[in-house]
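protein.pdb follows (PDB, C-alpha atoms and all ligand atoms):
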```pdb
MODEL        1
ATOM      1  CA  MET A   1       0.924   8.057-234.798
ATOM      2  CA  ASP A   2       3.889   6.682-236.807
ATOM      3  CA  LYS A   3       6.329   4.660-234.714
ATOM      4  CA  LEU A   4      10.001   5.590-234.869
ATOM      5  CA  PRO A   5      12.330   2.767-235.941
ATOM      6  CA  HIS A   6      14.347   3.377-232.774
ATOM      7  CA  GLU A   7      12.785   3.615-229.341
ATOM      8  CA  LYS A   8      15.179   6.164-227.932
ATOM      9  CA  GLY A   9      15.638   9.710-229.181
ATOM     10  CA  PHE A  10      18.493  12.078-228.305
ATOM     11  CA  HIS A  11      17.329  15.579-229.198
ATOM     12  CA  VAL A  12      20.122  18.099-229.733
ATOM     13  CA  SER A  13      19.414  21.848-229.601
ATOM     14  CA  TRP A  14      21.455  24.438-231.528
ATOM     15  CA  ASP A  15      23.004  25.543-228.264
ATOM     16  CA  GLN A  16      24.015  21.990-227.354
ATOM     17  CA  LEU A  17      25.443  21.377-230.819
ATOM     18  CA  HIS A  18      27.449  24.588-230.593
ATOM     19  CA  ARG A  19      28.874  23.629-227.188
ATOM     20  CA  ASP A  20      29.700  20.082-228.283
ATOM     21  CA  ALA A  21      31.323  21.199-231.565
ATOM     22  CA  ARG A  22      33.385  23.731-229.593
ATOM     23  CA  ALA A  23      34.433  20.986-227.192
ATOM     24  CA  LEU A  24      35.554  18.980-230.228
ATOM     25  CA  ALA A  25      37.605  21.950-231.473
ATOM     26  CA  TRP A  26      39.301  22.324-228.103
ATOM     27  CA  ARG A  27      40.156  18.616-228.105
ATOM     28  CA  LEU A  28      41.715  18.885-231.586
ATOM     29  CA  ASP A  29      43.545  22.163-230.980
ATOM     30  CA  GLY A  30      47.319  21.746-231.188
ATOM     31  CA  HIS A  31      47.177  18.104-232.303
ATOM     32  CA  GLY A  32      47.825  18.671-236.042
ATOM     33  CA  PRO A  33      51.046  17.342-237.609
ATOM     34  CA  ASP A  34      52.502  20.744-238.534
ATOM     35  CA  ASP A  35      53.560  22.254-235.164
ATOM     36  CA  GLY A  36      50.123  21.290-233.919
ATOM     37  CA  ALA A  37      48.335  23.108-236.767
ATOM     38  CA  TRP A  38      45.791  21.603-239.162
ATOM     39  CA  LYS A  39      45.961  22.617-242.831
ATOM     40  CA  ALA A  40      42.332  22.095-243.865
ATOM     41  CA  VAL A  41      38.891  20.988-242.768
ATOM     42  CA  VAL A  42      36.749  18.697-244.910
ATOM     43  CA  ALA A  43      33.080  18.575-243.909
ATOM     44  CA  ILE A  44      31.034  15.501-244.747
ATOM     45  CA  THR A  45      27.873  17.025-246.161
ATOM     46  CA  ARG A  46      25.376  17.712-245.171
ATOM     47  CA  GLY A  47      25.370  16.961-241.443
ATOM     48  CA  GLY A  48      29.070  17.755-240.972
ATOM     49  CA  MET A  49      28.798  21.298-242.315
ATOM     50  CA  ALA A  50      27.621  23.119-239.179
ATOM     51  CA  PRO A  51      30.083  21.322-236.857
ATOM     52  CA  ALA A  52      32.905  21.831-239.416
ATOM     53  CA  MET A  53      32.178  25.558-239.582
ATOM     54  CA  ILE A  54      32.364  25.818-235.795
ATOM     55  CA  VAL A  55      35.619  23.814-235.611
ATOM     56  CA  ALA A  56      37.186  25.828-238.470
ATOM     57  CA  ARG A  57      36.212  29.067-236.726
ATOM     58  CA  GLU A  58      37.683  27.995-233.387
ATOM     59  CA  LEU A  59      40.924  26.677-234.887
ATOM     60  CA  ASP A  60      41.282  29.535-237.408
ATOM     61  CA  ILE A  61      41.337  27.204-240.422
ATOM     62  CA  ARG A  62      40.452  29.002-243.664
ATOM     63  CA  HIS A  63      40.712  26.079-246.082
ATOM     64  CA  VAL A  64      37.360  24.344-245.842
ATOM     65  CA  ASP A  65      36.120  21.822-248.389
ATOM     66  CA  THR A  66      33.374  19.198-248.557
ATOM     67  CA  ILE A  67      32.868  15.572-249.437
ATOM     68  CA  SER A  68      29.326  14.435-250.070
ATOM     69  CA  VAL A  69      28.354  10.903-249.137
ATOM     70  CA  LYS A  70      24.744   9.873-249.357
ATOM     71  CA  SER A  71      23.860   6.800-247.342
ATOM     72  CA  TYR A  72      20.461   7.384-245.755
ATOM     73  CA  ASN A  73      17.011   8.174-247.044
ATOM     74  CA  HIS A  74      15.369   9.396-243.837
ATOM     75  CA  GLN A  75      16.207   6.565-241.401
ATOM     76  CA  THR A  76      16.795   3.782-243.970
ATOM     77  CA  GLN A  77      20.395   3.029-244.914
ATOM     78  CA  SER A  78      21.482   2.075-248.427
ATOM     79  CA  GLU A  79      24.905   1.662-250.090
ATOM     80  CA  PRO A  80      26.996   4.832-249.369
ATOM     81  CA  LYS A  81      27.902   6.782-252.520
ATOM     82  CA  VAL A  82      30.393   9.645-252.979
ATOM     83  CA  ILE A  83      28.427  12.312-254.842
ATOM     84  CA  LYS A  84      31.091  15.046-254.620
ATOM     85  CA  SER A  85      34.829  14.869-253.780
ATOM     86  CA  PRO A  86      37.008  17.585-252.194
ATOM     87  CA  ASP A  87      39.816  19.319-254.104
ATOM     88  CA  MET A  88      42.430  16.544-254.045
ATOM     89  CA  ASP A  89      45.252  19.077-254.694
ATOM     90  CA  LEU A  90      44.333  20.629-251.345
ATOM     91  CA  VAL A  91      43.782  17.480-249.285
ATOM     92  CA  GLY A  92      46.338  15.090-250.876
ATOM     93  CA  ASP A  93      46.519  11.844-248.875
ATOM     94  CA  GLY A  94      44.818  13.586-245.946
ATOM     95  CA  THR A  95      47.916  14.569-243.952
ATOM     96  CA  GLY A  96      47.007  17.530-241.731
ATOM     97  CA  VAL A  97      43.363  17.369-242.810
ATOM     98  CA  LEU A  98      40.495  17.241-240.328
ATOM     99  CA  ILE A  99      37.444  15.379-241.589
ATOM    100  CA  ILE A 100      34.362  16.442-239.638
ATOM    101  CA  ASP A 101      30.927  14.861-239.426
ATOM    102  CA  ASP A 102      28.016  15.273-237.046
ATOM    103  CA  LEU A 103      27.958  11.601-236.045
ATOM    104  CA  VAL A 104      29.139   8.100-236.761
ATOM    105  CA  ASP A 105      26.550   5.324-236.598
ATOM    106  CA  THR A 106      27.511   2.106-238.457
ATOM    107  CA  GLY A 107      30.775   3.693-239.702
ATOM    108  CA  ARG A 108      29.997   2.950-243.361
ATOM    109  CA  THR A 109      30.072   6.611-244.410
ATOM    110  CA  LEU A 110      33.485   7.076-242.787
ATOM    111  CA  GLU A 111      34.853   3.910-244.393
ATOM    112  CA  VAL A 112      34.163   5.441-247.801
ATOM    113  CA  VAL A 113      35.601   8.826-246.787
ATOM    114  CA  ARG A 114      38.755   7.326-245.242
ATOM    115  CA  ALA A 115      39.472   5.479-248.486
ATOM    116  CA  HIS A 116      39.699   8.925-250.165
ATOM    117  CA  MET A 117      42.023  10.478-247.548
ATOM    118  CA  PRO A 118      43.715   7.657-245.601
ATOM    119  CA  LYS A 119      46.004   9.918-243.522
ATOM    120  CA  ALA A 120      43.320  12.384-242.406
ATOM    121  CA  HIS A 121      42.160  12.756-238.809
ATOM    122  CA  VAL A 122      38.472  11.862-238.557
ATOM    123  CA  ALA A 123      36.364  13.616-235.904
ATOM    124  CA  THR A 124      32.642  13.498-235.150
ATOM    125  CA  VAL A 125      30.619  15.248-232.482
ATOM    126  CA  TYR A 126      28.570  12.141-231.587
ATOM    127  CA  ALA A 127      29.387   8.443-231.900
ATOM    128  CA  LYS A 128      27.575   5.134-231.601
ATOM    129  CA  PRO A 129      29.503   2.002-230.527
ATOM    130  CA  GLN A 130      29.380   0.230-233.904
ATOM    131  CA  GLY A 131      31.172   3.060-235.714
ATOM    132  CA  ARG A 132      33.408   4.323-232.922
ATOM    133  CA  GLY A 133      36.443   2.486-234.333
ATOM    134  CA  GLN A 134      36.212   4.645-237.482
ATOM    135  CA  VAL A 135      36.726   7.940-235.605
ATOM    136  CA  ASP A 136      39.932   9.331-234.131
ATOM    137  CA  SER A 137      38.128  11.899-231.933
ATOM    138  CA  PHE A 138      34.549  12.426-230.763
ATOM    139  CA  ILE A 139      32.754  14.124-227.871
ATOM    140  CA  THR A 140      29.637  12.219-226.787
ATOM    141  CA  GLU A 141      28.721   8.566-227.171
ATOM    142  CA  VAL A 142      25.108   7.380-227.352
ATOM    143  CA  SER A 143      23.828   3.794-227.435
ATOM    144  CA  GLN A 144      23.402   2.052-230.776
ATOM    145  CA  ASP A 145      19.586   2.002-230.453
ATOM    146  CA  THR A 146      19.393   5.788-229.979
ATOM    147  CA  TRP A 147      18.395   8.004-232.894
ATOM    148  CA  ILE A 148      20.026  11.446-232.748
ATOM    149  CA  PHE A 149      17.776  14.331-233.815
ATOM    150  CA  PHE A 150      19.643  17.445-234.954
ATOM    151  CA  PRO A 151      18.326  20.993-234.623
ATOM    152  CA  TRP A 152      17.987  21.397-238.396
ATOM    153  CA  ASP A 153      15.521  18.474-238.409
ATOM    154  CA  MET A 154      13.336  19.835-235.598
ATOM    155  CA  ALA A 155      11.068  22.762-234.762
ATOM    156  CA  LEU A 156       9.637  24.218-231.555
ATOM    157  CA  GLN A 157       6.076  23.119-230.995
ATOM    158  CA  TYR A 158       3.349  23.103-228.357
ATOM    159  CA  VAL A 159       3.463  20.238-225.815
ATOM    160  CA  GLN A 160       0.410  19.180-223.755
ATOM    161  CA  PRO A 161       0.871  19.591-219.981
ATOM    162  CA  TYR A 162       1.215  16.301-218.053
ATOM    163  CA  ARG A 163      -2.124  17.024-216.294
ATOM    164  CA  GLY A 164      -4.913  18.061-218.609
ATOM    165  CA  THR A 165      -7.190  20.937-217.575
ATOM    166  CA  ASP A 166     -10.516  19.217-218.378
TER     167      ASP A 166
HETATM  168  O1  LIG A 201      27.970   5.850-239.773
HETATM  169  P1  LIG A 201      26.847   5.745-240.769
HETATM  170  O2  LIG A 201      25.913   4.599-240.458
HETATM  171  O3  LIG A 201      27.327   5.689-242.191
HETATM  172  O4  LIG A 201      25.912   7.034-240.612
HETATM  173  C1  LIG A 201      26.376   8.320-240.336
HETATM  174  C2  LIG A 201      26.017   9.307-241.418
HETATM  175  O5  LIG A 201      24.592   9.353-241.604
HETATM  176  C3  LIG A 201      24.145  10.715-241.608
HETATM  177  O6  LIG A 201      24.280  11.313-242.882
HETATM  178  P2  LIG A 201      23.240  11.088-244.085
HETATM  179  O7  LIG A 201      23.782  10.053-245.009
HETATM  180  O8  LIG A 201      21.890  10.831-243.501
HETATM  181  O9  LIG A 201      23.225  12.450-244.885
HETATM  182  P3  LIG A 201      23.115  13.982-244.386
HETATM  183  O10 LIG A 201      24.362  14.272-243.595
HETATM  184  O11 LIG A 201      23.044  14.755-245.655
HETATM  185  O12 LIG A 201      21.878  14.101-243.550
HETATM  186  C4  LIG A 201      25.121  11.386-240.664
HETATM  187  O13 LIG A 201      25.176  12.791-240.926
HETATM  188  C5  LIG A 201      26.432  10.714-240.992
HETATM  189  O14 LIG A 201      27.078  11.360-242.070
HETATM  190  N1  LIG A 202      19.920  12.406-237.713
HETATM  191  C1  LIG A 202      20.514  11.195-237.665
HETATM  192  N2  LIG A 202      21.061  10.684-238.779
HETATM  193  C2  LIG A 202      21.651   9.472-238.659
HETATM  194  N3  LIG A 202      22.274   8.723-239.599
HETATM  195  C3  LIG A 202      22.681   7.584-239.010
HETATM  196  N4  LIG A 202      22.364   7.562-237.716
HETATM  197  C4  LIG A 202      21.718   8.738-237.466
HETATM  198  C5  LIG A 202      21.129   9.314-236.281
HETATM  199  O1  LIG A 202      21.121   8.760-235.176
HETATM  200  N5  LIG A 202      20.538  10.553-236.460
HETATM  201 MG    MG A 203      25.823  12.916-242.970
ENDMDL
END
```
Now that the file is in, can you turn its structure into structure tokens?
Ligand SMILES: O=P(O)(O)OC[C@H]1O[C@H](OP(=O)(O)OP(=O)(O)O)[C@H](O)[C@@H]1O
Ligand SMILES: Nc1nc2[nH]cnc2c(=O)[nH]1
Ligand SMILES: [Mg+2]
Amino acid sequence: MDKLPHEKGFHVSWDQLHRDARALAWRLDGHGPDDGAWKAVVAITRGGMAPAMIVARELDIRHVDTISVKSYNHQTQSEPKVIKSPDMDLVGDGTGVLIIDDLVDTGRTLEVVRAHMPKAHVATVYAKPQGRGQVDSFITEVSQDTWIFFPWDMALQYVQPYRGTD
């Protein structure tokens, strides 16, 4: 069987992701610059889209845009590239904008995104120590040598019982 590049796996179900993204929304609620309100959400595609939708729903934010940064091919990192920018008339310098991603690992993706919107508030659901300094808010920290598996990358499958029957 193929070996994973990381020994530890943190497997996140849809239910867990929903709860954690909601917890992130509750943490951010009332902390925007305009009487506590946020003016827009920018999801970092693709992984930030589901958490961003949940946060936007909880905080009643209707302006939702995306920035696309590609930095991984499966589990191998390469130079991050912005493939698609948000509407800069909407986001401006980032004031009042919530940038949402599923996780921060090395922080390289967020470095690129922050350069686009320096005044935005950056939030991720999960964070690893190396990239934690790039996020303003997050919910759960995992160790650097843990690989996070998201529900959209998994499927239910049969598991052998601990004790075989033969
Ligand atoms: O902090 P970093 O080391 O830069 O890594 C974090 C980024 O890596 C993953 O995205 P990926 O580039 O794999 O694209 P995807 O969201 O489309 O899966 C993840 O969703 C984060 O956006
Ligand atoms: N799914 C997933 N993508 C990543 N990109 C960088 N780190 C990770 C991780 O732990 N899990
Ligand atoms: Mg991503």
Near-ligand residues for ligand LIG 202 (chain A), threshold 10 Å, all atoms listed in the file, as a ChimeraX atom specification: /A:6,8-12,47,71-77,102-109,126-128,142-153
May I have the residues from that selection written out with C-alpha atoms, as a CSV table (one decimal), in the frame of the given file?
```csv
chain,number,residue,atom,x,y,z
A,6,HIS,CA,14.3,3.4,-232.8
A,8,LYS,CA,15.2,6.2,-227.9
A,9,GLY,CA,15.6,9.7,-229.2
A,10,PHE,CA,18.5,12.1,-228.3
A,11,HIS,CA,17.3,15.6,-229.2
A,12,VAL,CA,20.1,18.1,-229.7
A,47,GLY,CA,25.4,17.0,-241.4
A,71,SER,CA,23.9,6.8,-247.3
A,72,TYR,CA,20.5,7.4,-245.8
A,73,ASN,CA,17.0,8.2,-247.0
A,74,HIS,CA,15.4,9.4,-243.8
A,75,GLN,CA,16.2,6.6,-241.4
A,76,THR,CA,16.8,3.8,-244.0
A,77,GLN,CA,20.4,3.0,-244.9
A,102,ASP,CA,28.0,15.3,-237.0
A,103,LEU,CA,28.0,11.6,-236.0
A,104,VAL,CA,29.1,8.1,-236.8
A,105,ASP,CA,26.6,5.3,-236.6
A,106,THR,CA,27.5,2.1,-238.5
A,107,GLY,CA,30.8,3.7,-239.7
A,108,ARG,CA,30.0,3.0,-243.4
A,109,THR,CA,30.1,6.6,-244.4
A,126,TYR,CA,28.6,12.1,-231.6
A,127,ALA,CA,29.4,8.4,-231.9
A,128,LYS,CA,27.6,5.1,-231.6
A,142,VAL,CA,25.1,7.4,-227.4
A,143,SER,CA,23.8,3.8,-227.4
A,144,GLN,CA,23.4,2.1,-230.8
A,145,ASP,CA,19.6,2.0,-230.5
A,146,THR,CA,19.4,5.8,-230.0
A,147,TRP,CA,18.4,8.0,-232.9
A,148,ILE,CA,20.0,11.4,-232.7
A,149,PHE,CA,17.8,14.3,-233.8
A,150,PHE,CA,19.6,17.4,-235.0
A,151,PRO,CA,18.3,21.0,-234.6
A,152,TRP,CA,18.0,21.4,-238.4
A,153,ASP,CA,15.5,18.5,-238.4
```
Please identify the residues whose atoms come within 7 Å of ligand MG 203 (chain A), using only C-alpha atoms and all ligand atoms, and report them as JSON, numbers by chain. {"A": [44, 45, 46, 47, 48, 69, 101, 102]}
Written selection (C-alpha atoms) as a PDB file, in the frame of the given file:
```pdb
ATOM      1  CA  ILE A  44      31.034  15.501-244.747  1.00  0.00           C
ATOM      2  CA  THR A  45      27.873  17.025-246.161  1.00  0.00           C
ATOM      3  CA  ARG A  46      25.376  17.712-245.171  1.00  0.00           C
ATOM      4  CA  GLY A  47      25.370  16.961-241.443  1.00  0.00           C
ATOM      5  CA  GLY A  48      29.070  17.755-240.972  1.00  0.00           C
ATOM      6  CA  VAL A  69      28.354  10.903-249.137  1.00  0.00           C
ATOM      7  CA  ASP A 101      30.927  14.861-239.426  1.00  0.00           C
ATOM      8  CA  ASP A 102      28.016  15.273-237.046  1.00  0.00           C
TER       9      ASP A 102
END
```
Since I can't run it myself right now, could you work out what the PyMOL selection byres (((chain A and resi 60) around 12) and not hetatm) selects here and report it as a ChimeraX atom specification? /A:25-26,29-30,37-41,52-59,61-64
Can you work out the spacing between CA of Leu110 in chain A and CA of Pro80 in chain A in Å, to one decimal?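 These two atoms are separated by 9.5 Å.
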I'd like the interatomic distance between CA of Gly36 in chain A and CA of Ala21 in chain A, to a tenth of an Å. 18.9 Å
Let me know the residues the PyMOL selection byres (((chain A and resi 99) around 10) and not hetatm) catches in the file above, as number ranges by chain. A: 40-44, 48, 52, 64-67, 94, 96-98, 100-101, 110, 113-114, 117, 120-124, 135-136
Residues from last step as file, C-alpha atoms, as a PDB file, keeping the file's coordinate frame:
```
ATOM      1  CA  ALA A  40      42.332  22.095-243.865  1.00  0.00           C
ATOM      2  CA  VAL A  41      38.891  20.988-242.768  1.00  0.00           C
ATOM      3  CA  VAL A  42      36.749  18.697-244.910  1.00  0.00           C
ATOM      4  CA  ALA A  43      33.080  18.575-243.909  1.00  0.00           C
ATOM      5  CA  ILE A  44      31.034  15.501-244.747  1.00  0.00           C
ATOM      6  CA  GLY A  48      29.070  17.755-240.972  1.00  0.00           C
ATOM      7  CA  ALA A  52      32.905  21.831-239.416  1.00  0.00           C
ATOM      8  CA  VAL A  64      37.360  24.344-245.842  1.00  0.00           C
ATOM      9  CA  ASP A  65      36.120  21.822-248.389  1.00  0.00           C
ATOM     10  CA  THR A  66      33.374  19.198-248.557  1.00  0.00           C
ATOM     11  CA  ILE A  67      32.868  15.572-249.437  1.00  0.00           C
ATOM     12  CA  GLY A  94      44.818  13.586-245.946  1.00  0.00           C
ATOM     13  CA  GLY A  96      47.007  17.530-241.731  1.00  0.00           C
ATOM     14  CA  VAL A  97      43.363  17.369-242.810  1.00  0.00           C
ATOM     15  CA  LEU A  98      40.495  17.241-240.328  1.00  0.00           C
ATOM     16  CA  ILE A 100      34.362  16.442-239.638  1.00  0.00           C
ATOM     17  CA  ASP A 101      30.927  14.861-239.426  1.00  0.00           C
ATOM     18  CA  LEU A 110      33.485   7.076-242.787  1.00  0.00           C
ATOM     19  CA  VAL A 113      35.601   8.826-246.787  1.00  0.00           C
ATOM     20  CA  ARG A 114      38.755   7.326-245.242  1.00  0.00           C
ATOM     21  CA  MET A 117      42.023  10.478-247.548  1.00  0.00           C
ATOM     22  CA  ALA A 120      43.320  12.384-242.406  1.00  0.00           C
ATOM     23  CA  HIS A 121      42.160  12.756-238.809  1.00  0.00           C
ATOM     24  CA  VAL A 122      38.472  11.862-238.557  1.00  0.00           C
ATOM     25  CA  ALA A 123      36.364  13.616-235.904  1.00  0.00           C
ATOM     26  CA  THR A 124      32.642  13.498-235.150  1.00  0.00           C
ATOM     27  CA  VAL A 135      36.726   7.940-235.605  1.00  0.00           C
ATOM     28  CA  ASP A 136      39.932   9.331-234.131  1.00  0.00           C
TER      29      ASP A 136
END
```
Expressed in Å, the length from CA of Leu90 in chain A to CA of His31 in chain A is 19.4 Å
Skipping near chain neighbours, those fewer than 6 positions away, what residues fall within 10 Å of Pro118 in chain A using all atoms listed in the file, listed as a list in words? Gly92, Asp93, Gly94, Thr95 and Glu111 of chain A
Tell me which residues the PyMOL selection byres (((chain A and resi 82) around 7) and not hetatm) grabs here, as a PyMOL selection string. chain A and resi 68-70+80-81+83-85
Keeping only C-alpha atoms, take the residues you just selected and write them out as a compact mmCIF listing (two decimals), keeping the file's coordinate frame.
```txt
# COMPACT_ATOMS: atom_id res chain seq x y z
CA SER A 68 29.33 14.44 -250.07
CA VAL A 69 28.35 10.90 -249.14
CA LYS A 70 24.74 9.87 -249.36
CA PRO A 80 27.00 4.83 -249.37
CA LYS A 81 27.90 6.78 -252.52
CA ILE A 83 28.43 12.31 -254.84
CA LYS A 84 31.09 15.05 -254.62
CA SER A 85 34.83 14.87 -253.78
```
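Counting all atoms listed in the file, the residue from A:Ala155, A:Val125, A:Ile139, A:Ala23 that sits nearest to ligand LIG 201 (chain A) is A:Val125.
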Would you compute an axis-aligned box for ligand LIG 201 (chain A), covering every atom listed for it in the file with 5 Å of margin on each side, and report centre and edge lengths in Å to one decimal as JSON?
```
{"center_x": 24.9, "center_y": 9.7, "center_z": -242.7, "size_x": 16.1, "size_y": 20.2, "size_z": 15.9}
```
